[in-house]
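Engineer: I'd like to ask you about the structure that follows.
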Amino acid sequence: MQTNILNSDTICAVATPNGMGAIAIVRISGLKAVPIVAGVFQPSGKLKASLDIEKIVSHKAYHGHIVDNGIMLDEVLVTFFKAPHSFTGEDSAEISVHGSVYIQQKLLQVLIAHGCRMAEAGEFTRRAFVNRKFDLAQAEAIADLISSESEAAHRVAINQLKGGFSKELQVMRSKLLEMTSLMELELDFSEEDVEFADRGQLKALLQETLEHVNRLKDSFRLGNAIKNGIPVAIVGQTNTGKSTLLNALLGEDRAIVSDIAGTTRDTIEETLNINGILFRFIDTAGLRQTEETIEKIGIERSYRKIAEATIVIGMLDVTNGYESMVSSANEIVSKVDFGQQQLILCINKVDTLADQGEALLGQLRQDLDNDDIMVICLSAKHGFGLNDLYNVLKHSQPLASPEATLVTNVRHYEALLHASESLQSVQQGLEMNIPTDLISQNLREAIHYLGSITGEITTDEILGSIFSRFCIGK
Ligand SMILES: Nc1nc2c(ncn2[C@@H]2O[C@H](COP(=O)(O)OP(=O)(O)OP(=O)(O)O)[C@@H](O)[C@H]2O)c(=O)[nH]1
Ligand SMILES: [Mg+2]
């Protein structure tokens, strides 16, 4: 196992959110966690004696007081976790104190005076990883779990934490490793021209692994949408009511609304949780011909946002007349990839009509003649039709089955992308009968990329960049 200099220190940090609360928890982990905490803790009881370190029971909460230099700081509960049965795998303790900021800070000072040092961001989780409590993908799932904002994101993080994804990667990796070692054996016997690795079997294994890697890689679009919110781009010509719709959905005045065409220059993004699914609404600059430099940049961004979105809401302004609505609908339709994206067209400002747009709705549906397009009538300004839109959104997302592995992390996605490319090179190499040593090199590359996800192959730099994104105390 990797020995880490950091691990010889005993670290401490507040594990609960910053600021005042009813209680706060201070975490301590490392070789001296038990004696340090026992040294400042006076258990309740008749004798008021200090704890006998040898007799401390793991996973049991002790009631008592933190006393420093004879002065009582707080009444607390202390739980000890003896190695290896702790989160970090080291001897650890958690002290629950009253949540005053003063008490939290003072307790840290006392612990530091007794030999602890402040933990760095993510250091508890990093130690757990180093002590093989879980792999890197699971450590990252903890960060996702902490930051999950919706039921779906929570479920995906829990699945990853349980280790299903890691297991899939390990199985693929060990099959490839076995194959590589057989191929490399051939190199040792190159004079004799033997084939230890059956080429037919190798091709079949490659195909199977490549499909699996690609399936995981492709799940990123949905996985990322669930984690960061399903991207919904609100697009259309200027003044059609896009910003009004964003504000109506959020229930607040987030974007500037005006009757001046070209009000929104840059994209504005806000998330909203609808029925346990997180959506990320993106208000964009109105589409029109313009020579104005900044507006042009904004419009280019609008097109980019359409391409990145999972759902596109196309706003049509009924006050511009039917012909104009049809041509702008067609422009939006031409930008949507119906294999990957969903389009909802909104006939907006129907409050200006006598019949709330029912007749136009039928006509537009007929003229567009595309069952993949949803069309609804809306008055973003007065809230009419918003419920229809919510309903369409709620049912729009094909949620993955709870067991399906979804890739939600860009680092994992990139590793899978590289692994997929390396495996394709192996496939081509086999077809073209290129020398075994070159093929095995590509295989090794693929194995490396798969291993980098779970942290079987890793560098201090990678670990540093992953764990520094955690908060202190995690
Ligand atoms: N009558 C009516 N007016 C609306 C409705 N929605 C928006 N408007 C008005 O239309 C004008 C333009 O609204 P915005 O929301 O700024 O339009 P936009 O599409 O964001 O415009 P740009 O940012 O310039 O592209 C404002 O005067 C709104 O009050 C609606 O449902 N009914
Ligand atoms: Mg706007």
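Naming works like this for the structure tokens: A, B, ... for the chains as they're shown, residue 1 at the start of each chain, ligands 1 onward in shown order.
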Give as an mmCIF file with C-alpha atoms, in the first residue's frame the residues surrounding ligand 2 up to a distance of 12 Å, considering only C-alpha atoms and all ligand atoms.
Structural biologist:
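This went into pocket00.cif:
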data_model
loop_
_atom_site.group_PDB
_atom_site.id
_atom_site.type_symbol
_atom_site.label_atom_id
_atom_site.label_comp_id
_atom_site.auth_asym_id
_atom_site.auth_seq_id
_atom_site.Cartn_x
_atom_site.Cartn_y
_atom_site.Cartn_z
ATOM 1 C CA ILE A 234 -35.266 28.682 -24.478
ATOM 2 C CA VAL A 235 -34.763 30.002 -27.991
ATOM 3 C CA GLY A 236 -36.547 32.036 -30.636
ATOM 4 C CA GLN A 237 -36.605 35.408 -32.318
ATOM 5 C CA THR A 238 -36.200 38.633 -30.377
ATOM 6 C CA ASN A 239 -39.124 39.835 -28.289
ATOM 7 C CA THR A 240 -40.978 36.519 -28.398
ATOM 8 C CA GLY A 241 -41.047 36.346 -24.577
ATOM 9 C CA LYS A 242 -38.120 34.034 -23.761
ATOM 10 C CA SER A 243 -36.965 36.007 -20.723
ATOM 11 C CA THR A 244 -40.579 36.414 -19.595
ATOM 12 C CA LEU A 245 -40.907 32.615 -19.688
ATOM 13 C CA LEU A 246 -37.689 32.088 -17.701
ATOM 14 C CA ASN A 247 -38.961 34.467 -15.027
ATOM 15 C CA ASP A 253 -37.553 38.485 -11.930
ATOM 16 C CA ARG A 254 -34.279 36.901 -12.973
ATOM 17 C CA ALA A 255 -33.897 38.179 -16.537
ATOM 18 C CA ILE A 256 -34.556 41.679 -17.858
ATOM 19 C CA VAL A 257 -37.757 41.843 -19.881
ATOM 20 C CA SER A 258 -38.482 44.727 -22.236
ATOM 21 C CA ASP A 259 -40.245 45.429 -25.512
ATOM 22 C CA ILE A 260 -36.921 46.430 -27.051
ATOM 23 C CA ALA A 261 -35.794 43.690 -29.434
ATOM 24 C CA GLY A 262 -32.396 42.302 -28.465
ATOM 25 C CA THR A 263 -32.731 42.807 -24.697
ATOM 26 C CA THR A 264 -30.968 39.581 -23.736
ATOM 27 C CA ARG A 265 -27.368 39.628 -24.995
ATOM 28 C CA ASP A 266 -25.782 36.817 -23.036
ATOM 29 C CA THR A 267 -27.180 33.472 -21.906
ATOM 30 C CA ILE A 268 -28.722 33.254 -18.436
ATOM 31 C CA ILE A 282 -31.081 28.648 -20.350
ATOM 32 C CA ASP A 283 -32.488 31.946 -21.616
ATOM 33 C CA THR A 284 -30.717 32.961 -24.816
ATOM 34 C CA ALA A 285 -30.251 36.015 -27.019
ATOM 35 C CA GLY A 286 -33.056 36.384 -29.574
ATOM 36 C CA LEU A 287 -32.281 35.137 -33.074
ATOM 37 C CA GLU A 295 -25.353 40.807 -30.288
ATOM 38 C CA GLY A 298 -24.753 36.379 -28.193
ATOM 39 C CA ILE A 299 -26.627 34.816 -31.119
ATOM 40 C CA SER A 302 -27.699 30.792 -28.603
ATOM 41 C CA MET A 315 -40.744 30.482 -28.540
#
Engineer: Dump as JSON lines the rows for residues of stretch 156-256 of chain A within 9 Å of stretch 308-313 of chain A: closest atom pair and distance in Å with one decimal, only C-alpha atoms counted, ordered by chain and rising residue number.
Structural biologist:
{"residue": "A:Arg221", "atom": "CA", "partner": "A:Thr310", "partner_atom": "CA", "distance": 8.5}
{"residue": "A:Leu222", "atom": "CA", "partner": "A:Thr310", "partner_atom": "CA", "distance": 8.7}
{"residue": "A:Ala225", "atom": "CA", "partner": "A:Thr310", "partner_atom": "CA", "distance": 8.0}
{"residue": "A:Ile230", "atom": "CA", "partner": "A:Thr310", "partner_atom": "CA", "distance": 6.5}
{"residue": "A:Pro231", "atom": "CA", "partner": "A:Ala309", "partner_atom": "CA", "distance": 4.9}
{"residue": "A:Val232", "atom": "CA", "partner": "A:Ile311", "partner_atom": "CA", "distance": 4.7}
{"residue": "A:Ala233", "atom": "CA", "partner": "A:Val312", "partner_atom": "CA", "distance": 4.9}
{"residue": "A:Ile234", "atom": "CA", "partner": "A:Ile313", "partner_atom": "CA", "distance": 4.7}
{"residue": "A:Val235", "atom": "CA", "partner": "A:Ile313", "partner_atom": "CA", "distance": 6.1}
{"residue": "A:Gly236", "atom": "CA", "partner": "A:Ile313", "partner_atom": "CA", "distance": 8.3}
Engineer: Once you have the residues from the selection above, write them out as a compact mmCIF listing (two decimals), in the first residue's frame, restricted to N, CA and C atoms.
Structural biologist:
# COMPACT_ATOMS: atom_id res chain seq x y z
N ARG A 221 -24.22 11.74 -21.37
CA ARG A 221 -25.14 12.83 -21.70
C ARG A 221 -26.30 12.87 -20.69
N LEU A 222 -26.87 11.70 -20.44
CA LEU A 222 -27.98 11.64 -19.48
C LEU A 222 -27.46 11.80 -18.05
N ALA A 225 -26.72 15.29 -17.35
CA ALA A 225 -27.97 16.06 -17.27
C ALA A 225 -28.61 15.87 -15.91
N ILE A 230 -31.05 18.94 -16.29
CA ILE A 230 -31.28 18.68 -17.72
C ILE A 230 -31.29 20.02 -18.45
N PRO A 231 -30.37 20.22 -19.41
CA PRO A 231 -30.32 21.53 -20.06
C PRO A 231 -31.51 21.78 -20.98
N VAL A 232 -32.24 22.84 -20.69
CA VAL A 232 -33.40 23.23 -21.50
C VAL A 232 -33.13 24.62 -22.07
N ALA A 233 -32.88 24.71 -23.38
CA ALA A 233 -32.59 26.01 -23.99
C ALA A 233 -33.89 26.67 -24.44
N ILE A 234 -34.08 27.92 -24.04
CA ILE A 234 -35.27 28.68 -24.48
C ILE A 234 -34.80 29.58 -25.62
N VAL A 235 -35.28 29.28 -26.83
CA VAL A 235 -34.76 30.00 -27.99
C VAL A 235 -35.90 30.56 -28.84
N GLY A 236 -35.55 31.46 -29.75
CA GLY A 236 -36.55 32.04 -30.64
C GLY A 236 -36.11 33.42 -31.05
Engineer: Write out as a short mmCIF file (atom, residue, chain, number, x, y, z; two decimals) with C-alpha atoms, in the first residue's frame the residues lying within 8 Å of stretch 175-191 of chain A, counting only C-alpha atoms and excluding same-chain residues fewer than 6 positions away.
Structural biologist:
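Generated file (part-v2.cif):
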data_model
loop_
_atom_site.label_atom_id
_atom_site.label_comp_id
_atom_site.auth_asym_id
_atom_site.auth_seq_id
_atom_site.Cartn_x
_atom_site.Cartn_y
_atom_site.Cartn_z
CA ALA A 197 -3.56 -15.45 -27.46
CA LEU A 202 -9.33 -11.68 -28.73
CA THR A 436 1.98 -7.95 -31.66
CA ASP A 437 4.10 -5.46 -29.68
CA SER A 440 -0.25 -4.87 -26.95
CA LEU A 443 -4.18 -2.63 -25.18
CA ARG A 444 -2.04 -1.40 -22.29
CA ILE A 447 -6.18 -0.76 -19.55
#
Engineer: Excluding A:Lys162 and residues on its chain fewer than 4 positions from it, collect all residues at most 10 Å away from it, counting only C-alpha atoms, and give them as a VMD selection string.
Structural biologist: chain A and resid 134 138 141 157 to 158 166 to 167
Engineer: Go ahead and save the residues from that selection, with C-alpha atoms, as a PDB file, in the first residue's frame.
Structural biologist:
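The result, stored in selection-v4.pdb:
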ATOM      1  CA  PHE A 134     -13.224   2.683  -1.523  1.00  0.00           C
ATOM      2  CA  GLN A 138     -16.629   5.925  -5.176  1.00  0.00           C
ATOM      3  CA  ALA A 141     -19.542   9.695  -5.736  1.00  0.00           C
ATOM      4  CA  ALA A 157     -24.552   9.023  -6.784  1.00  0.00           C
ATOM      5  CA  ILE A 158     -25.742   6.258  -4.446  1.00  0.00           C
ATOM      6  CA  SER A 166     -16.174   0.205 -10.375  1.00  0.00           C
ATOM      7  CA  LYS A 167     -16.958  -3.515 -10.552  1.00  0.00           C
TER       8      LYS A 167
END
Engineer: Residues of stretch 345-413 of chain A classed as strand (DSSP E or B) by DSSP on the backbone are to be reported as a list in words.
Structural biologist: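 Written out, the strand (DSSP E or B) residues of stretch 345-413 of chain A are Leu345, Cys346, Ile347, Asn348, Ile373, Met374, Val375, Ile376, Cys377, Ser379 and Phe384 of chain A.
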Engineer: Which residue, A:Asn348, A:Ser324, A:Gln104, A:Thr16, has the smallest gap to A:Leu386 when you use only C-alpha atoms?
Structural biologist: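 Of A:Asn348, A:Ser324, A:Gln104, A:Thr16, the one nearest A:Leu386, counting only C-alpha atoms, is A:Asn348.
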Engineer: Set the distance at 7 Å and use only C-alpha atoms: which residues neighbour stretch 76-85 of chain A once local chain neighbours fewer than 4 positions away are removed? I'd like the list as number ranges by chain.
Structural biologist: A: 58-66, 89-97
Engineer: Write a file of the just-selected residues containing C-alpha atoms, as a short mmCIF file (atom, residue, chain, number, x, y, z; two decimals), in the first residue's frame.
Structural biologist:
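So the final result, stored in again_26.cif, reads:
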data_model
loop_
_atom_site.label_atom_id
_atom_site.label_comp_id
_atom_site.auth_asym_id
_atom_site.auth_seq_id
_atom_site.Cartn_x
_atom_site.Cartn_y
_atom_site.Cartn_z
CA SER A 58 -15.43 1.81 19.35
CA HIS A 59 -18.67 3.22 17.86
CA LYS A 60 -20.07 4.15 21.26
CA ALA A 61 -21.05 7.71 22.15
CA TYR A 62 -19.56 9.07 25.38
CA HIS A 63 -21.17 12.00 27.15
CA GLY A 64 -18.95 14.49 28.96
CA HIS A 65 -17.11 17.78 28.74
CA ILE A 66 -14.21 19.27 26.83
CA GLY A 89 -9.60 3.52 8.01
CA GLU A 90 -7.56 5.20 10.75
CA ASP A 91 -8.31 5.74 14.43
CA SER A 92 -10.88 8.56 14.43
CA ALA A 93 -13.24 10.46 16.65
CA GLU A 94 -16.21 12.74 16.20
CA ILE A 95 -17.04 15.36 18.79
CA SER A 96 -20.55 16.82 18.73
CA VAL A 97 -20.52 20.25 20.31
#
Engineer: Write out as a list in words the residues lying within 6 Å of stretch 408-420 of chain A, counting only C-alpha atoms and excluding same-chain residues fewer than 3 positions away.
Structural biologist: Lys217, Phe220, Gly223, Asn224, Leu423, Ala446, Tyr449 and Ile453 of chain A
Engineer: Could you work out how far atom CA of A:Leu136 lies from atom CA of A:Thr454, giving the answer in Å with one decimal?
Structural biologist: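 The value is 4.6 Å.
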Engineer: If I take atom CA of A:Ser379 and atom CA of A:Gly276, how far is one from the other in Å, to one decimal?
Structural biologist: 25.5 Å
Engineer: Between A:Ile297, A:Met72, A:Val318, A:Ala22, which is the closest to ligand 1 once you count only C-alpha atoms and all ligand atoms?
Structural biologist: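 Smallest separation from ligand 1 among the options: A:Val318.
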Engineer: Between A:Leu430, A:Cys377, A:Ala404, A:Leu450, single out the one closest to ligand 1, counting only C-alpha atoms and all ligand atoms.
Structural biologist: A:Cys377
Engineer: Residues within 12 Å of A:Ser150, please, as a JSON list (two decimals) with N, CA and C atoms, in the first residue's frame. Count only C-alpha atoms; anything in the same chain fewer than 5 positions from it doesn't count.
Structural biologist:
[["chain", "number", "residue", "atom", "x", "y", "z"],
["A", 144, "ASP", "N", -20.43, 13.87, -5.10],
["A", 144, "ASP", "CA", -21.69, 14.05, -5.82],
["A", 144, "ASP", "C", -22.88, 13.92, -4.88],
["A", 145, "LEU", "N", -22.77, 12.97, -3.96],
["A", 145, "LEU", "CA", -23.87, 12.73, -3.03],
["A", 145, "LEU", "C", -24.11, 13.98, -2.17],
["A", 155, "ARG", "N", -29.88, 9.38, -6.56],
["A", 155, "ARG", "CA", -29.91, 7.95, -6.88],
["A", 155, "ARG", "C", -28.68, 7.52, -7.68],
["A", 156, "VAL", "N", -28.29, 8.36, -8.64],
["A", 156, "VAL", "CA", -27.11, 8.03, -9.46],
["A", 156, "VAL", "C", -25.86, 7.99, -8.58],
["A", 157, "ALA", "N", -25.74, 8.98, -7.67],
["A", 157, "ALA", "CA", -24.55, 9.02, -6.78],
["A", 157, "ALA", "C", -24.52, 7.81, -5.86],
["A", 225, "ALA", "N", -26.72, 15.29, -17.35],
["A", 225, "ALA", "CA", -27.97, 16.06, -17.27],
["A", 225, "ALA", "C", -28.61, 15.87, -15.91],
["A", 226, "ILE", "N", -28.58, 14.63, -15.42],
["A", 226, "ILE", "CA", -29.20, 14.36, -14.11],
["A", 226, "ILE", "C", -28.43, 15.06, -13.00],
["A", 227, "LYS", "N", -27.10, 15.04, -13.12],
["A", 227, "LYS", "CA", -26.29, 15.63, -12.05],
["A", 227, "LYS", "C", -26.36, 17.16, -12.05],
["A", 228, "ASN", "N", -26.23, 17.75, -13.22],
["A", 228, "ASN", "CA", -26.15, 19.22, -13.27],
["A", 228, "ASN", "C", -27.44, 19.89, -13.69],
["A", 229, "GLY", "N", -28.47, 19.08, -13.93],
["A", 229, "GLY", "CA", -29.74, 19.63, -14.40],
["A", 229, "GLY", "C", -29.86, 19.38, -15.89],
["A", 230, "ILE", "N", -31.05, 18.94, -16.29],
["A", 230, "ILE", "CA", -31.28, 18.68, -17.72],
["A", 230, "ILE", "C", -31.29, 20.02, -18.45],
["A", 271, "THR", "N", -31.31, 26.85, -12.34],
["A", 271, "THR", "CA", -31.85, 25.50, -12.18],
["A", 271, "THR", "C", -33.17, 25.53, -11.41],
["A", 272, "LEU", "N", -33.99, 24.54, -11.69],
["A", 272, "LEU", "CA", -35.28, 24.42, -11.02],
["A", 272, "LEU", "C", -35.60, 22.93, -10.87],
["A", 273, "ASN", "N", -36.02, 22.55, -9.67],
["A", 273, "ASN", "CA", -36.35, 21.16, -9.40],
["A", 273, "ASN", "C", -37.85, 20.95, -9.64],
["A", 274, "ILE", "N", -38.19, 20.15, -10.65],
["A", 274, "ILE", "CA", -39.61, 19.87, -10.90],
["A", 274, "ILE", "C", -39.82, 18.38, -10.63],
["A", 275, "ASN", "N", -40.61, 18.08, -9.61],
["A", 275, "ASN", "CA", -40.91, 16.67, -9.27],
["A", 275, "ASN", "C", -39.68, 15.80, -9.12],
["A", 276, "GLY", "N", -38.67, 16.29, -8.43],
["A", 276, "GLY", "CA", -37.48, 15.48, -8.18],
["A", 276, "GLY", "C", -36.50, 15.43, -9.33],
["A", 277, "ILE", "N", -36.79, 16.13, -10.41],
["A", 277, "ILE", "CA", -35.84, 16.16, -11.53],
["A", 277, "ILE", "C", -35.32, 17.59, -11.65],
["A", 278, "LEU", "N", -34.01, 17.72, -11.74],
["A", 278, "LEU", "CA", -33.41, 19.04, -11.82],
["A", 278, "LEU", "C", -33.31, 19.48, -13.28],
["A", 279, "PHE", "N", -33.88, 20.65, -13.59],
["A", 279, "PHE", "CA", -33.78, 21.20, -14.94],
["A", 279, "PHE", "C", -32.89, 22.44, -14.90]]
Engineer: To one decimal place in Å, what is the distance between atom CA of A:Leu216 and atom CA of A:Lys474?
Structural biologist: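 Taking atom CA of A:Leu216 and atom CA of A:Lys474, their separation equals 28.0 Å.
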Engineer: Nearest residue to A:Ile439 out of A:Ser422, A:Ala49, A:Thr125, A:Val67, using only C-alpha atoms?
Structural biologist: A:Ser422
Engineer: Among stretch 50-193 of chain A, which ones does DSSP place in alpha helix (DSSP H), written as a PyMOL selection string?
Structural biologist: chain A and resi 101-113+123-130+136-147+151-162+164-188
